>>> print(open('my_file-v5.txt').read())   # compact mmCIF, C-alpha atoms and all ligand atoms
# COMPACT_ATOMS: atom_id res chain seq x y z
CA MET A 784 80.55 170.41 74.28
CA SER A 785 77.07 169.23 73.39
CA SER A 786 76.55 165.68 72.29
CA THR A 787 76.05 164.79 68.67
CA ARG A 788 75.35 161.18 69.55
CA PRO A 789 73.40 160.92 72.79
CA LEU A 790 73.30 157.72 74.78
CA ILE A 791 69.89 156.18 74.11
CA ASP A 792 69.10 152.62 75.13
CA GLN A 793 66.92 150.13 73.29
CA PHE A 794 63.88 151.18 75.35
CA GLY A 795 64.26 154.81 74.25
CA ARG A 796 65.67 156.07 77.56
CA THR A 797 68.32 158.77 77.26
CA ILE A 798 71.22 158.37 79.67
CA THR A 799 72.32 161.73 81.04
CA TYR A 800 73.48 160.74 84.52
CA LEU A 801 76.67 158.94 85.50
CA ARG A 802 77.31 157.60 88.97
CA LEU A 803 81.03 157.08 89.16
CA SER A 804 82.64 155.18 91.98
CA VAL A 805 86.14 156.43 92.73
CA THR A 806 87.04 153.80 95.33
CA ASP A 807 85.58 150.68 96.90
CA ARG A 808 87.23 151.56 100.23
CA CYS A 809 85.42 153.07 103.17
CA ASP A 810 86.12 154.26 106.69
CA LEU A 811 82.77 152.92 107.96
CA ARG A 812 81.34 149.39 107.82
CA CYS A 813 77.57 149.85 107.62
CA THR A 814 76.09 146.47 108.45
CA TYR A 815 73.73 146.49 105.45
CA CYS A 816 76.52 147.48 103.06
CA MET A 817 79.60 145.42 103.87
CA PRO A 818 80.99 142.96 106.38
CA GLU A 819 83.53 144.07 109.00
CA ARG A 820 86.32 142.24 107.19
CA GLN A 821 85.68 143.49 103.72
CA THR A 822 88.36 142.64 101.17
CA PHE A 823 89.20 145.72 99.15
CA LEU A 824 90.57 145.80 95.62
CA PRO A 825 94.31 145.98 95.01
CA ARG A 826 95.10 149.57 94.05
CA LYS A 827 96.33 148.70 90.56
CA GLU A 828 92.87 147.41 89.71
CA VAL A 829 91.34 150.79 90.47
CA LEU A 830 91.26 153.50 87.80
CA SER A 831 93.88 156.22 88.14
CA LEU A 832 92.93 159.85 88.49
CA GLU A 833 93.76 160.39 84.79
CA GLU A 834 91.64 157.41 83.77
CA LEU A 835 88.67 158.55 85.85
CA HIS A 836 88.96 162.00 84.29
CA LYS A 837 89.18 160.67 80.75
CA LEU A 838 86.27 158.33 81.35
CA ALA A 839 84.09 161.14 82.69
CA LEU A 840 84.97 163.34 79.71
CA GLY A 841 83.94 160.49 77.38
CA PHE A 842 80.52 160.45 79.04
CA ILE A 843 80.17 164.23 78.86
CA GLU A 844 80.94 164.09 75.13
CA ARG A 845 78.08 161.62 74.75
CA GLY A 846 75.58 163.90 76.46
CA VAL A 847 75.92 163.10 80.15
CA THR A 848 75.07 166.29 82.06
CA LYS A 849 75.21 165.09 85.65
CA ILE A 850 78.00 163.21 87.40
CA ARG A 851 77.83 161.91 90.94
CA LEU A 852 81.06 160.71 92.52
CA THR A 853 80.54 157.94 94.99
CA GLY A 854 82.14 154.80 96.36
CA GLY A 855 82.89 153.23 98.85
CA GLU A 856 83.52 156.53 100.50
CA PRO A 857 84.69 158.99 97.83
CA LEU A 858 86.43 161.29 100.33
CA VAL A 859 88.81 158.55 101.51
CA ARG A 860 90.49 158.63 98.09
CA ARG A 861 93.49 160.91 98.43
CA ASP A 862 93.30 162.58 95.01
CA MET A 863 89.54 162.97 95.10
CA ILE A 864 89.59 166.75 95.29
CA GLU A 865 91.93 166.90 92.28
CA LEU A 866 89.38 164.91 90.31
CA VAL A 867 86.58 167.19 91.46
CA ARG A 868 88.62 170.22 90.40
CA ALA A 869 89.36 168.72 86.99
CA LEU A 870 85.74 167.79 86.37
CA GLY A 871 84.50 171.09 87.77
CA ARG A 872 86.17 172.82 84.80
CA ASN A 873 83.54 171.22 82.56
CA LEU A 874 80.64 172.79 84.43
CA GLY A 875 78.72 174.97 82.02
CA GLN A 876 80.43 173.20 79.11
CA GLY A 877 78.25 170.14 78.75
CA LEU A 878 78.30 169.22 82.43
CA GLU A 879 75.45 170.80 84.39
CA GLU A 880 75.95 169.23 87.78
CA LEU A 881 78.84 167.69 89.66
CA THR A 882 77.97 166.19 93.00
CA LEU A 883 78.86 163.44 95.42
CA THR A 884 77.40 161.00 97.89
CA THR A 885 79.33 160.78 101.13
CA ASN A 886 79.11 159.47 104.65
CA ALA A 887 80.40 162.92 105.72
CA THR A 888 83.06 161.66 108.14
CA GLN A 889 85.65 163.78 106.26
CA LEU A 890 83.34 166.39 104.81
CA ALA A 891 84.42 169.11 107.23
CA GLN A 892 87.98 169.03 105.79
CA HIS A 893 86.79 169.17 102.17
CA ALA A 894 83.60 171.25 102.11
CA ASP A 895 85.23 174.55 101.08
CA ASP A 896 87.33 172.91 98.34
CA LEU A 897 84.27 171.16 96.95
CA TYR A 898 82.39 174.44 96.78
CA VAL A 899 85.28 176.25 95.09
CA ALA A 900 85.50 173.43 92.51
CA GLY A 901 81.87 174.01 91.55
CA VAL A 902 79.97 171.47 93.66
CA ARG A 903 76.74 172.96 94.95
CA ARG A 904 74.92 169.99 96.46
CA VAL A 905 75.97 166.85 98.27
CA ASN A 906 74.05 163.82 99.44
CA VAL A 907 74.94 162.65 102.92
CA SER A 908 74.00 159.19 104.13
CA LEU A 909 72.89 159.27 107.75
CA ASP A 910 70.64 156.59 109.16
CA THR A 911 70.50 157.61 112.80
CA LEU A 912 71.13 160.54 115.14
CA ASP A 913 71.77 158.31 118.11
CA ARG A 914 75.48 157.86 118.77
CA ALA A 915 75.18 154.32 120.12
CA THR A 916 72.94 153.21 117.24
CA PHE A 917 75.32 154.87 114.77
CA ALA A 918 78.29 153.05 116.27
CA GLN A 919 76.45 149.76 116.10
CA LEU A 920 75.15 150.30 112.59
CA THR A 921 78.39 151.55 111.03
CA ARG A 922 80.73 149.65 113.41
CA ARG A 923 82.54 152.97 113.99
CA ASP A 924 81.90 155.69 116.58
CA SER A 925 81.93 158.58 114.09
CA LEU A 926 78.61 160.39 114.53
CA PRO A 927 80.24 163.59 115.89
CA GLN A 928 82.48 163.89 112.78
CA VAL A 929 79.48 163.30 110.51
CA LEU A 930 77.44 166.03 112.20
CA GLU A 931 80.44 168.35 112.01
CA GLY A 932 80.79 167.50 108.31
CA ILE A 933 77.15 168.34 107.62
CA ALA A 934 77.41 171.66 109.45
CA ALA A 935 80.64 172.54 107.60
CA ALA A 936 79.06 171.72 104.24
CA GLN A 937 76.13 173.99 104.96
CA ALA A 938 78.46 176.73 106.16
CA ALA A 939 80.46 176.39 102.91
CA GLY A 940 77.28 177.01 100.90
CA LEU A 941 76.58 173.42 99.87
CA ALA A 942 72.97 172.25 99.89
CA VAL A 943 72.85 168.99 101.84
CA LYS A 944 70.35 166.24 101.16
CA LEU A 945 70.14 163.39 103.62
CA ASN A 946 69.58 159.77 102.69
CA ALA A 947 68.58 157.21 105.29
CA VAL A 948 68.13 153.50 104.77
CA ALA A 949 65.07 152.31 106.69
CA LEU A 950 66.09 149.37 108.85
CA LYS A 951 63.74 147.21 110.80
CA GLY A 952 64.28 147.46 114.54
CA VAL A 953 67.34 149.70 114.07
CA ASN A 954 66.22 153.19 113.08
CA GLU A 955 62.55 152.36 112.56
CA ALA A 956 61.35 154.15 115.71
CA GLU A 957 63.63 157.10 115.02
CA ILE A 958 62.38 157.98 111.55
CA PRO A 959 60.03 160.79 112.68
CA ALA A 960 62.89 162.31 114.71
CA LEU A 961 65.17 162.11 111.66
CA VAL A 962 62.51 163.83 109.52
CA GLU A 963 62.07 166.61 112.06
CA TRP A 964 65.80 167.10 112.55
CA ALA A 965 66.58 167.20 108.81
CA HIS A 966 63.75 169.60 108.04
CA GLY A 967 64.65 171.73 111.05
CA GLN A 968 68.15 172.16 109.57
CA GLY A 969 66.79 173.02 106.13
CA MET A 970 67.64 169.65 104.60
CA GLU A 971 65.56 167.35 102.48
CA LEU A 972 65.46 163.72 103.64
CA THR A 973 64.98 160.66 101.45
CA LEU A 974 64.25 157.24 102.89
CA ILE A 975 65.56 154.18 101.05
CA GLU A 976 64.59 150.51 101.22
CA VAL A 977 67.48 148.18 101.90
CA MET A 978 68.47 146.32 98.72
CA PRO A 979 69.84 142.78 98.46
CA LEU A 980 73.35 143.64 97.28
CA GLY A 981 76.37 141.65 98.37
CA GLU A 982 76.95 139.28 101.25
CA VAL A 983 76.62 140.85 104.67
CA GLU A 984 76.60 139.25 108.09
CA GLY A 985 73.01 138.37 108.98
CA ASP A 986 69.88 137.92 106.94
CA ARG A 987 68.56 140.65 104.65
CA PHE A 988 65.02 139.83 105.62
CA ASP A 989 65.86 140.86 109.19
CA GLN A 990 66.85 144.33 107.95
CA TYR A 991 64.13 144.89 105.44
CA LEU A 992 61.50 147.45 106.35
CA PRO A 993 59.03 148.21 103.55
CA LEU A 994 58.59 151.95 103.09
CA SER A 995 54.89 151.42 102.52
CA ALA A 996 54.66 150.63 106.26
CA VAL A 997 56.89 153.58 107.20
CA ARG A 998 54.73 155.90 105.15
CA GLU A 999 51.56 154.68 106.82
CA ASP A 1000 53.14 155.32 110.18
CA LEU A 1001 54.21 158.83 109.17
CA GLU A 1002 50.75 159.54 107.75
CA ALA A 1003 49.25 158.83 111.16
CA ARG A 1004 51.55 161.46 112.63
CA TYR A 1005 51.87 164.17 109.97
CA THR A 1006 49.97 165.65 107.06
CA LEU A 1007 51.76 164.34 103.97
CA THR A 1008 50.88 165.86 100.62
CA PRO A 1009 52.24 164.17 97.47
CA SER A 1010 54.62 166.59 95.77
CA PRO A 1011 55.08 166.98 92.02
CA HIS A 1012 58.79 167.61 92.71
CA ARG A 1013 61.12 165.28 90.80
CA SER A 1014 64.88 165.05 91.20
CA GLY A 1015 65.36 163.13 87.97
CA GLY A 1016 65.80 159.96 90.02
CA PRO A 1017 63.64 157.23 91.48
CA ALA A 1018 62.51 159.18 94.58
CA ARG A 1019 58.89 160.19 94.97
CA TYR A 1020 58.22 163.07 97.33
CA VAL A 1021 55.72 164.36 99.83
CA ASP A 1022 55.57 167.71 101.60
CA VAL A 1023 55.25 167.47 105.37
CA ALA A 1024 52.90 170.21 106.55
CA GLU A 1025 54.06 170.16 110.18
CA THR A 1026 57.78 170.60 109.37
CA GLY A 1027 57.50 172.56 106.13
CA GLY A 1028 60.06 170.18 104.58
CA ARG A 1029 60.20 167.64 101.79
CA LEU A 1030 60.48 163.90 102.28
CA GLY A 1031 61.44 161.41 99.57
CA PHE A 1032 60.85 157.67 99.29
CA ILE A 1033 62.97 155.34 97.18
CA THR A 1034 61.18 152.04 96.92
CA PRO A 1035 63.05 149.56 94.72
CA LEU A 1036 61.14 146.69 96.30
CA THR A 1037 57.63 147.98 96.89
CA GLY A 1038 57.41 150.16 93.79
CA ASN A 1039 59.26 149.81 90.50
CA PHE A 1040 60.81 152.92 88.99
CA CYS A 1041 62.79 151.61 86.05
CA GLU A 1042 60.71 153.17 83.29
CA GLY A 1043 62.28 156.59 83.63
CA CYS A 1044 65.84 155.39 84.30
CA ASN A 1045 68.40 157.92 83.05
CA ARG A 1046 71.61 156.57 84.58
CA VAL A 1047 74.44 154.11 84.47
CA ARG A 1048 77.02 153.27 87.11
CA VAL A 1049 80.72 152.73 86.76
CA THR A 1050 82.77 150.97 89.41
CA ALA A 1051 86.18 152.09 90.60
CA THR A 1052 87.69 149.47 88.27
CA GLY A 1053 85.88 150.92 85.27
CA GLN A 1054 83.15 148.31 84.97
CA LEU A 1055 79.99 149.91 83.68
CA TYR A 1056 76.86 148.39 85.16
CA ALA A 1057 73.88 149.20 83.01
CA CYS A 1058 71.53 148.53 85.96
CA LEU A 1059 72.12 148.56 89.72
CA GLY A 1060 70.00 145.43 90.00
CA GLY A 1061 71.42 143.53 87.04
CA THR A 1062 74.62 141.85 85.89
CA GLU A 1063 74.86 143.50 82.46
CA GLN A 1064 78.33 144.96 82.29
CA VAL A 1065 80.85 146.58 79.95
CA ASP A 1066 84.57 146.86 80.67
CA LEU A 1067 85.50 150.52 80.22
CA ARG A 1068 88.93 150.03 81.77
CA ALA A 1069 89.90 147.70 78.93
CA ALA A 1070 88.73 150.39 76.51
CA LEU A 1071 90.73 153.06 78.35
CA ARG A 1072 93.89 150.97 78.58
CA GLY A 1073 93.80 149.69 74.98
CA ASP A 1074 94.79 151.29 71.69
CA ASN A 1075 92.76 154.28 70.61
CA PRO A 1076 90.96 154.77 73.94
CA ASP A 1077 88.63 157.55 72.73
CA ALA A 1078 87.06 155.41 70.01
CA ALA A 1079 87.07 152.30 72.21
CA LEU A 1080 85.34 154.15 75.04
CA SER A 1081 82.64 155.53 72.77
CA ALA A 1082 82.08 152.04 71.25
CA ALA A 1083 81.86 150.58 74.77
CA LEU A 1084 79.17 153.14 75.66
CA ASP A 1085 77.21 152.13 72.56
CA GLN A 1086 77.47 148.53 73.73
CA ALA A 1087 76.16 149.55 77.17
CA MET A 1088 73.10 151.09 75.52
CA ARG A 1089 72.42 147.80 73.72
CA ILE A 1090 72.49 145.73 76.91
CA LYS A 1091 70.78 148.02 79.43
CA PRO A 1092 67.88 145.93 80.75
CA GLU A 1093 64.32 147.16 80.92
CA ARG A 1094 64.10 146.75 84.69
CA HIS A 1095 65.75 145.29 87.78
CA HIS A 1096 64.61 142.09 89.47
CA PHE A 1097 65.22 142.60 93.17
CA VAL A 1098 63.24 140.43 95.54
CA ILE A 1099 63.59 140.02 99.27
CA ASP A 1100 61.58 137.24 100.81
CA GLN A 1101 61.70 135.02 103.80
CA LEU A 1102 63.74 132.44 101.91
CA GLY A 1103 66.25 135.01 100.85
CA ALA A 1104 69.39 135.04 102.95
CA ALA A 1105 71.40 134.95 99.74
CA PRO A 1106 72.02 138.25 97.97
CA ALA A 1107 70.22 138.88 94.71
CA LEU A 1108 73.56 140.06 93.41
CA ALA A 1109 76.97 139.07 94.69
CA ARG A 1110 78.46 142.55 94.46
CA HIS A 1111 78.13 145.14 97.20
CA MET A 1112 76.69 148.59 96.80
CA SER A 1113 80.12 149.90 97.84
CA ALA A 1114 81.63 148.26 94.75
CA THR A 1115 78.98 149.37 92.29
CA GLY A 1116 78.73 152.89 93.63
CA GLY A 1117 75.59 153.67 95.56
N1 LIG B 1201 79.94 155.90 101.39
C1 LIG B 1201 79.06 156.81 100.78
C2 LIG B 1201 77.78 156.93 101.58
O1 LIG B 1201 77.51 156.06 102.42
O2 LIG B 1201 77.06 157.89 101.32
C3 LIG B 1201 78.72 156.54 99.32
C4 LIG B 1201 78.54 155.12 98.90
S1 LIG B 1201 77.21 154.25 99.69
C5 LIG B 1201 77.38 152.66 98.97
C6 LIG B 1201 75.81 155.02 98.89
C7 LIG B 1201 74.48 154.76 99.49
O3 LIG B 1201 74.15 153.41 99.35
C8 LIG B 1201 74.36 155.08 100.97
O4 LIG B 1201 73.28 155.99 101.13
C9 LIG B 1201 74.02 153.76 101.60
O5 LIG B 1201 73.16 153.92 102.69
C10 LIG B 1201 73.38 153.02 100.46
N2 LIG B 1201 73.44 151.57 100.56
C11 LIG B 1201 74.51 150.76 100.73
N3 LIG B 1201 74.15 149.47 100.73
C12 LIG B 1201 72.81 149.44 100.54
C13 LIG B 1201 71.84 148.42 100.44
N4 LIG B 1201 72.17 147.14 100.51
N5 LIG B 1201 70.55 148.80 100.23
C14 LIG B 1201 70.19 150.11 100.13
N6 LIG B 1201 71.06 151.12 100.22
C15 LIG B 1201 72.35 150.80 100.43
FE1 LIG B 1202 80.74 152.93 103.62
FE2 LIG B 1202 78.70 154.15 102.46
FE3 LIG B 1202 78.83 151.46 102.56
FE4 LIG B 1202 78.40 152.81 104.80
S1 LIG B 1202 77.05 152.75 103.01
S2 LIG B 1202 79.88 151.13 104.53
S3 LIG B 1202 79.55 154.63 104.48
S4 LIG B 1202 80.16 152.76 101.47
>>> encode(input="my_file-v5.txt", output="C-alpha cells")
Amino acid sequence: MSSTRPLIDQFGRTITYLRLSVTDRCDLRCTYCMPERQTFLPRKEVLSLEELHKLALGFIERGVTKIRLTGGEPLVRRDMIELVRALGRNLGQGLEELTLTTNATQLAQHADDLYVAGVRRVNVSLDTLDRATFAQLTRRDSLPQVLEGIAAAQAAGLAVKLNAVALKGVNEAEIPALVEWAHGQGMELTLIEVMPLGEVEGDRFDQYLPLSAVREDLEARYTLTPSPHRSGGPARYVDVAETGGRLGFITPLTGNFCEGCNRVRVTATGQLYACLGGTEQVDLRAALRGDNPDAALSAALDQAMRIKPERHHFVIDQLGAAPALARHMSATGG
C-alpha cells in the first residue's frame, strides 16, 4: 500500500514515522516524568483498539513506514498485543517497522508474542542498574522485573536498545557502568537530556545534566569515535573502542536536531502533536468519530503538515521551575 500523497510539511520534511501512545497510564512513576499522584484520563477519552488500528492504517496509507507504540507504559494496556498483531499484518505492505518503547516491567510476559507479531526491536528505558536508585527514581522497586524483561526480549530474538535519561546527582556517576553493562550484553545505549515537559515534584534545573558535560567525562575515560550511523532520529552516535559498542546522545537542549525531523506524535486520546516541544495540535479522534472518518482523517493529516513548526523551543534555565509545556511526556508519548 504505497502512498500516493505523502505527508510533507511546509519545510519540505517528509513524515514517515508515527509515535503512537496507546495509554497515558504507567506502572512506574519516574520522578522526571510524572508526579506520584498522577491523574490519568478517563477510559472513554482514550482511543479504542479499533480506533487506534484505523488511525495507524490512515498513516500507513499516507506513507508512514515506521510506527512506534509508546505511552505511558504501552504494555499496561490490556489489548496491546492485539493491536500489535493487527498492525503487524501490515509489515511488508507499506509498514517497514513496528516497534515499541517500554519500561520492560512486563516485557518478560509479552516478548514472545511481540516477536511472533513481527516486532524485531524494542527500546527499553533504564536509567540505573542500582536497585535502590531505581526504586527512588521510579518510586517502585521493579528493577528485577525490568532486567528479567530485557533478558526475555533478547531470548525471544528481539534486539534491545537502551535509553537512559542523564540525571544530575542521580545516575551521573553510574553512566560509565551503564555503558559497559549495555555493551557487554550486546545492546546499544542512548543517553537523553531531561526535557521540560509537564509538572513534576521538584525543579527541572536540579535534574538537568547537559550531555556535553557527560560526553567530556566519557572522553576522558574511553576512546570515542564519531559514528556515521543514523537511526533516522535525533540521536548522534559514537563508537566506544574499549567496549566495542555504540553510544548515542540525544541533546534537545544542547544541540538542535529539528531540521531532519520525520515524525509526529499522537496521544492516547488521538491528539496529534506536530512537535514534541510545541503546542501545535490536530484532533484526530474527532475525525475518527465523525462522519466519513477516512476522508476526515486524511484531511486532518494535511492540516498537521500545514502547522508543523520548524523547530522546538525548549529552554531550561535557573529561573525555570515551570515546565516549558504543561503536558507530560507520558501523555504525548515519549
Ligand atoms: N513508559 C515507557 C518507557 O519509559 O519507556 C514509554 C513512555 S516514556 C514517556 C518514553 C521515554 O521518555 C522514556 O525513555 C523516558 O525516560 C522519557 N522521558 C519521560 N519524561 C522525560 C523528560 N521530561 N525528559 C526526557 N525524557 C523523558
Ligand atoms: Fe512511566 Fe515511562 Fe514515564 Fe517512567 S518514563 S513514568 S516508565 S511513562
>>> closest_residue(input="my_file-v5.txt", among="A:Cys813, A:Ala1051, A:Ala1069, A:Leu897", to="A:Pro825", atoms="all atoms listed in the file")
A:Ala1051
>>> closest_residue(input="my_file-v5.txt", among="A:Asp989, A:Glu1063, A:Glu963, A:Asp1022", to="A:Lys951", atoms="only C-alpha atoms")
A:Asp989
>>> closest_residue(input="my_file-v5.txt", among="A:Met978, A:Leu840, A:Leu803, A:Leu790", to="ligand LIG 1201 (chain B)", atoms="all atoms listed in the file")
A:Met978
>>> residues_around(input="my_file-v5.txt", residues="stretch 933-941 of chain A", least_positions_apart="4", cutoff="10 Å", atoms="all atoms listed in the file", output="list of chain:residue names")
A:Asn886, A:Ala887, A:Thr888, A:Gln889, A:Leu890, A:Ala891, A:Gln892, A:His893, A:Ala894, A:Asp895, A:Asp896, A:Leu897, A:Tyr898, A:Val899, A:Gly901, A:Val902, A:Arg903, A:Arg904, A:Val905, A:Asn906, A:Val907, A:Gln928, A:Val929, A:Leu945, A:Gln968, A:Gly969, A:Met970
>>> atom_distance(input="my_file-v5.txt", atom1="atom CA of A:Gly795", atom2="atom CA of A:Val1049")
20.8 Å
>>> closest_residue(input="my_file-v5.txt", among="A:Gln1086, A:Leu1067, A:Lys944, A:Ala949", to="A:Pro993", atoms="all atoms listed in the file")
A:Ala949
>>> residues_around(input="my_file-v5.txt", residues="stretch 995-1005 of chain A", least_positions_apart="4", cutoff="9 Å", atoms="only C-alpha atoms", output="PyMOL selection string")
chain A and resi 949+955+958-959+1023-1026+1032+1034+1037
>>> residues_around(input="my_file-v5.txt", residues="A:Val805", least_positions_apart="2", cutoff="12 Å", atoms="all atoms listed in the file", output="PyMOL selection string")
chain A and resi 802-803+807-809+824+826+828-836+838-839+850-867+883-885+1048-1054+1113-1117
>>> axis_aligned_box(input="my_file-v5.txt", around="ligand LIG 1202 (chain B)", padding_each_side="3 Å", output="AutoDock Vina command-line options")
--center_x 78.9 --center_y 152.9 --center_z 103.1 --size_x 9.7 --size_y 9.5 --size_z 9.3
>>> residues_around(input="my_file-v5.txt", residues="stretch 911-927 of chain A", least_positions_apart="5", cutoff="9 Å", atoms="only C-alpha atoms", output="list in words")
Asp810, Leu811, Arg812, Cys813, Thr814, Tyr815, Glu819, Thr888, Gly932, Ala947, Val953, Asn954, Glu957, Ile958, Ala960, Leu961 and Trp964 of chain A
>>> residues_near_point(input="my_file-v5.txt", point="(77.6, 163.2, 73.4)", cutoff="7 Å", atoms="only C-alpha atoms", output="PyMOL selection string")
chain A and resi 785-789+842-847
>>> atom_distance(input="my_file-v5.txt", atom1="atom C15 of ligand LIG 1201 (chain B)", atom2="atom CA of A:Pro818")
13.1 Å
>>> atom_distance(input="my_file-v5.txt", atom1="atom CA of A:Val977", atom2="atom N2 of ligand LIG 1201 (chain B)")
7.0 Å
>>> closest_residue(input="my_file-v5.txt", among="A:Ala956, A:Ile975, A:Val943, A:Ala900", to="ligand LIG 1202 (chain B)", atoms="only C-alpha atoms and all ligand atoms")
A:Ile975
>>> closest_residue(input="my_file-v5.txt", among="A:Ala942, A:Ile798, A:Leu909, A:Ala869", to="ligand LIG 1202 (chain B)", atoms="all atoms listed in the file")
A:Leu909
>>> residues_around(input="my_file-v5.txt", residues="stretch 1011-1020 of chain A", least_positions_apart="2", cutoff="7 Å", atoms="only C-alpha atoms", output="PyMOL selection string")
chain A and resi 1009+1022+1029-1033+1040
>>> write_last_selection(input="my_file-v5.txt", atoms="C-alpha atoms", output="compact mmCIF listing (two decimals), keeping the file's coordinate frame")
# COMPACT_ATOMS: atom_id res chain seq x y z
CA PRO A 1009 52.24 164.17 97.47
CA ASP A 1022 55.57 167.71 101.60
CA ARG A 1029 60.20 167.64 101.79
CA LEU A 1030 60.48 163.90 102.28
CA GLY A 1031 61.44 161.41 99.57
CA PHE A 1032 60.85 157.67 99.29
CA ILE A 1033 62.97 155.34 97.18
CA PHE A 1040 60.81 152.92 88.99
>>> build_atoms(input="my_file-v5.txt", residues="stretch 830-847 of chain A", atoms="N, CA, C and O atoms", output="short mmCIF file (atom, residue, chain, number, x, y, z; two decimals), keeping the file's coordinate frame")
data_model
loop_
_atom_site.label_atom_id
_atom_site.label_comp_id
_atom_site.auth_asym_id
_atom_site.auth_seq_id
_atom_site.Cartn_x
_atom_site.Cartn_y
_atom_site.Cartn_z
N LEU A 830 90.89 152.51 88.82
CA LEU A 830 91.26 153.50 87.80
C LEU A 830 92.09 154.62 88.43
O LEU A 830 91.82 155.04 89.56
N SER A 831 93.07 155.09 87.68
CA SER A 831 93.88 156.22 88.14
C SER A 831 93.06 157.50 88.01
O SER A 831 92.01 157.52 87.35
N LEU A 832 93.58 158.55 88.60
CA LEU A 832 92.93 159.85 88.49
C LEU A 832 92.75 160.24 87.02
O LEU A 832 91.67 160.68 86.60
N GLU A 833 93.80 160.03 86.23
CA GLU A 833 93.76 160.39 84.79
C GLU A 833 92.69 159.56 84.08
O GLU A 833 91.96 160.06 83.23
N GLU A 834 92.63 158.27 84.43
CA GLU A 834 91.64 157.41 83.77
C GLU A 834 90.21 157.81 84.14
O GLU A 834 89.31 157.84 83.29
N LEU A 835 90.02 158.12 85.42
CA LEU A 835 88.67 158.55 85.85
C LEU A 835 88.27 159.83 85.10
O LEU A 835 87.13 159.98 84.67
N HIS A 836 89.23 160.73 84.96
CA HIS A 836 88.96 162.00 84.29
C HIS A 836 88.61 161.75 82.82
O HIS A 836 87.60 162.26 82.32
N LYS A 837 89.41 160.95 82.18
CA LYS A 837 89.18 160.67 80.75
C LYS A 837 87.82 159.99 80.54
O LYS A 837 87.07 160.31 79.61
N LEU A 838 87.54 159.06 81.45
CA LEU A 838 86.27 158.33 81.35
C LEU A 838 85.08 159.30 81.48
O LEU A 838 84.14 159.27 80.69
N ALA A 839 85.18 160.17 82.47
CA ALA A 839 84.09 161.14 82.69
C ALA A 839 83.94 162.05 81.48
O ALA A 839 82.82 162.35 81.04
N LEU A 840 85.05 162.47 80.90
CA LEU A 840 84.97 163.34 79.71
C LEU A 840 84.29 162.60 78.55
O LEU A 840 83.51 163.20 77.79
N GLY A 841 84.58 161.30 78.43
CA GLY A 841 83.94 160.49 77.38
C GLY A 841 82.42 160.49 77.54
O GLY A 841 81.68 160.56 76.56
N PHE A 842 81.97 160.41 78.78
CA PHE A 842 80.52 160.45 79.04
C PHE A 842 79.95 161.83 78.73
O PHE A 842 78.86 161.95 78.17
N ILE A 843 80.68 162.87 79.11
CA ILE A 843 80.17 164.23 78.86
C ILE A 843 80.04 164.46 77.35
O ILE A 843 79.04 165.01 76.87
N GLU A 844 81.01 163.95 76.60
CA GLU A 844 80.94 164.09 75.13
C GLU A 844 79.73 163.40 74.55
O GLU A 844 79.22 163.80 73.52
N ARG A 845 79.26 162.35 75.24
CA ARG A 845 78.08 161.62 74.75
C ARG A 845 76.79 162.11 75.43
O ARG A 845 75.79 161.41 75.44
N GLY A 846 76.82 163.29 76.00
CA GLY A 846 75.58 163.90 76.46
C GLY A 846 75.26 163.75 77.94
O GLY A 846 74.17 164.14 78.38
N VAL A 847 76.18 163.19 78.71
CA VAL A 847 75.92 163.10 80.15
C VAL A 847 76.08 164.50 80.76
O VAL A 847 77.08 165.18 80.54
#
